[in-house]
Amino acid sequence: MEVKINFSRKRIRTIGARMVGDTMHINAPAGIPQERLQRVIDKFKIRFEKRKLRQELNKTPETLQEIARRLNRQYFSVKLEIKSIEYSVHQDRIFGLCNHRTKNIKISYRLKEMPDWVRNYVIIHELAHIIEHNHGENFWNIVNRYSLSERARGYLLAKGLESNESEKDVED
Ligand SMILES: [Zn+2]
């Protein structure tokens with residue numbers, strides 16, 4: 001990413017940034033310490049890169065939705081209502097999140113690079129949370145309808161991805 005810095009005499013405290021194509025334009029106060037400027041630029045870089053990644057991942061959100069619809073038909077006798085399902089760039093360790101109240105599902109961006117059968121497991125896992133909020137016996141009975149569940153769990157564990165253990169946070 002190219003960075004162009006404009007030192008402004010008018011701006012006193014704030015540093016502004018915007019993307020024009022692949023170039024980041026920084027507007028910084030004149031006389032700002034180099035170290036502080038670099039720190040802020042690095043933060044903007046991360047933010048813009050994450051935004052770009054998110055846009056790319058979700059360019060075809062209907063694809064993830066289509067997969068979810070297919071798995072819904074295949075593994076859930078009752079047709080589950082899904083409000084939305086999309087990739088999240090904020091989930092580095094958590095493979096999926098399901099808010100069973102709003103029926104919004106978020107899948108870690110890391111799944112995009114993993115085999116389909118692992119991604120399918122994650123989607124089934126999150127769909128099952130619409131019915132069973134916790135990881136109880138009923139929950140695993142549903143998830144294990146998918147024959148590759150056990151293997152997928154091992155795969156995800158090896159990659160350092162955990163299931164969402166904070167479902168109680170969205171339970172109320
Ligand atoms: Zn779970």
# chains A, B, ... in the order shown; residues from 1 in each chain; ligands from 1
$ residues_near_ligand --ligand "ligand 1" --cutoff "12 Å" --atoms "only C-alpha atoms and all ligand atoms" --output "PyMOL selection string"
chain A and resi 94-100+105-107+121-136+139-140+142-143+153+161-168+170
$ select_by_dssp --residues "segment 19-133 of chain A" --states "helix (DSSP H, G or I)" --output "ChimeraX atom specification"
/A:34-57,61-75,109-113,116-131
$ closest_residue --among "A:Asn141, A:Phe48, A:Ile15, A:Leu148" --to "Asp116 of chain A" --atoms "only C-alpha atoms"
A:Leu148
$ select_by_dssp --residues "segment 20-54 of chain A" --states "strand (DSSP E or B)" --output "number ranges by chain"
A: 20, 23-29
$ residues_around --residues "Gly21 of chain A" --least-positions-apart "2" --cutoff "12 Å" --atoms "only C-alpha atoms" --output "number ranges by chain"
A: 1-3, 18-19, 23-25, 48, 52
$ write_last_selection --atoms "N, CA, C and O atoms" --output "PDB file, in the first residue's frame"
ATOM      1  N   MET A   1       0.843  -1.190   0.000  1.00  0.00           N
ATOM      2  CA  MET A   1       0.000   0.000   0.000  1.00  0.00           C
ATOM      3  C   MET A   1       0.882   1.246   0.000  1.00  0.00           C
ATOM      4  O   MET A   1       1.767   1.380   0.830  1.00  0.00           O
ATOM      5  N   GLU A   2       0.623   2.135  -0.947  1.00  0.00           N
ATOM      6  CA  GLU A   2       1.423   3.361  -1.018  1.00  0.00           C
ATOM      7  C   GLU A   2       0.868   4.403  -0.036  1.00  0.00           C
ATOM      8  O   GLU A   2      -0.338   4.469   0.177  1.00  0.00           O
ATOM      9  N   VAL A   3       1.770   5.161   0.569  1.00  0.00           N
ATOM     10  CA  VAL A   3       1.331   6.158   1.545  1.00  0.00           C
ATOM     11  C   VAL A   3       1.833   7.532   1.121  1.00  0.00           C
ATOM     12  O   VAL A   3       3.018   7.706   0.815  1.00  0.00           O
ATOM     13  N   ARG A  18      -7.394   8.721   4.205  1.00  0.00           N
ATOM     14  CA  ARG A  18      -8.415   8.192   3.294  1.00  0.00           C
ATOM     15  C   ARG A  18      -7.719   7.439   2.182  1.00  0.00           C
ATOM     16  O   ARG A  18      -6.549   7.708   1.851  1.00  0.00           O
ATOM     17  N   MET A  19      -8.454   6.489   1.619  1.00  0.00           N
ATOM     18  CA  MET A  19      -7.894   5.672   0.544  1.00  0.00           C
ATOM     19  C   MET A  19      -8.356   6.224  -0.788  1.00  0.00           C
ATOM     20  O   MET A  19      -9.543   6.497  -0.983  1.00  0.00           O
ATOM     21  N   THR A  23      -3.782   3.898  -2.744  1.00  0.00           N
ATOM     22  CA  THR A  23      -2.907   4.828  -2.035  1.00  0.00           C
ATOM     23  C   THR A  23      -3.611   5.411  -0.815  1.00  0.00           C
ATOM     24  O   THR A  23      -4.757   5.847  -0.896  1.00  0.00           O
ATOM     25  N   MET A  24      -2.879   5.400   0.289  1.00  0.00           N
ATOM     26  CA  MET A  24      -3.432   5.996   1.499  1.00  0.00           C
ATOM     27  C   MET A  24      -2.914   7.421   1.625  1.00  0.00           C
ATOM     28  O   MET A  24      -1.705   7.648   1.622  1.00  0.00           O
ATOM     29  N   HIS A  25      -3.843   8.347   1.691  1.00  0.00           N
ATOM     30  CA  HIS A  25      -3.477   9.756   1.845  1.00  0.00           C
ATOM     31  C   HIS A  25      -3.617  10.152   3.309  1.00  0.00           C
ATOM     32  O   HIS A  25      -4.695  10.038   3.889  1.00  0.00           O
ATOM     33  N   PHE A  48      -7.620  -0.236   7.078  1.00  0.00           N
ATOM     34  CA  PHE A  48      -7.987  -0.248   5.656  1.00  0.00           C
ATOM     35  C   PHE A  48      -7.824  -1.641   5.053  1.00  0.00           C
ATOM     36  O   PHE A  48      -8.611  -2.054   4.204  1.00  0.00           O
ATOM     37  N   LYS A  52     -10.806  -3.867   3.377  1.00  0.00           N
ATOM     38  CA  LYS A  52     -10.692  -4.416   2.030  1.00  0.00           C
ATOM     39  C   LYS A  52     -10.945  -5.926   2.034  1.00  0.00           C
ATOM     40  O   LYS A  52     -11.657  -6.455   1.187  1.00  0.00           O
TER      41      LYS A  52
END
$ residues_around --residues "segment 29-31 of chain A" --least-positions-apart "3" --cutoff "9 Å" --atoms "only C-alpha atoms" --output "list in words"
Asn6, Phe7, Ser8, Arg9, Lys10, Arg11, Ile12, Arg13, Thr14, Ile15 and Gln34 of chain A
$ write_last_selection --atoms "N, CA and C atoms" --output "PDB file, in the first residue's frame"
ATOM      1  N   ASN A   6       0.652  14.402   3.672  1.00  0.00           N
ATOM      2  CA  ASN A   6       0.567  15.841   3.509  1.00  0.00           C
ATOM      3  C   ASN A   6       0.644  16.483   4.893  1.00  0.00           C
ATOM      4  N   PHE A   7       1.674  17.296   5.104  1.00  0.00           N
ATOM      5  CA  PHE A   7       1.797  17.979   6.396  1.00  0.00           C
ATOM      6  C   PHE A   7       1.073  19.309   6.320  1.00  0.00           C
ATOM      7  N   SER A   8       0.103  19.427   7.173  1.00  0.00           N
ATOM      8  CA  SER A   8      -0.722  20.617   7.148  1.00  0.00           C
ATOM      9  C   SER A   8      -0.394  21.541   8.318  1.00  0.00           C
ATOM     10  N   ARG A   9      -0.385  22.817   8.017  1.00  0.00           N
ATOM     11  CA  ARG A   9      -0.142  23.792   9.084  1.00  0.00           C
ATOM     12  C   ARG A   9      -1.455  24.163   9.764  1.00  0.00           C
ATOM     13  N   LYS A  10      -2.556  23.859   9.082  1.00  0.00           N
ATOM     14  CA  LYS A  10      -3.860  24.214   9.638  1.00  0.00           C
ATOM     15  C   LYS A  10      -4.304  23.220  10.702  1.00  0.00           C
ATOM     16  N   ARG A  11      -4.048  21.933  10.422  1.00  0.00           N
ATOM     17  CA  ARG A  11      -4.496  20.914  11.371  1.00  0.00           C
ATOM     18  C   ARG A  11      -3.580  20.938  12.590  1.00  0.00           C
ATOM     19  N   ILE A  12      -4.179  20.912  13.745  1.00  0.00           N
ATOM     20  CA  ILE A  12      -3.346  21.028  14.932  1.00  0.00           C
ATOM     21  C   ILE A  12      -3.115  19.688  15.611  1.00  0.00           C
ATOM     22  N   ARG A  13      -4.166  18.913  15.796  1.00  0.00           N
ATOM     23  CA  ARG A  13      -3.991  17.673  16.554  1.00  0.00           C
ATOM     24  C   ARG A  13      -4.280  16.397  15.767  1.00  0.00           C
ATOM     25  N   THR A  14      -5.308  16.437  14.943  1.00  0.00           N
ATOM     26  CA  THR A  14      -5.787  15.169  14.390  1.00  0.00           C
ATOM     27  C   THR A  14      -5.065  14.768  13.110  1.00  0.00           C
ATOM     28  N   ILE A  15      -4.975  13.452  12.938  1.00  0.00           N
ATOM     29  CA  ILE A  15      -4.398  12.893  11.722  1.00  0.00           C
ATOM     30  C   ILE A  15      -5.539  12.250  10.937  1.00  0.00           C
ATOM     31  N   GLN A  34       7.838  11.872  14.355  1.00  0.00           N
ATOM     32  CA  GLN A  34       7.839  10.798  13.367  1.00  0.00           C
ATOM     33  C   GLN A  34       7.304   9.487  13.943  1.00  0.00           C
TER      34      GLN A  34
END
$ closest_residue --among "A:Ile5, A:Trp117, A:Asn138, A:Ser84" --to "Ile32 of chain A" --atoms "only C-alpha atoms"
A:Ile5
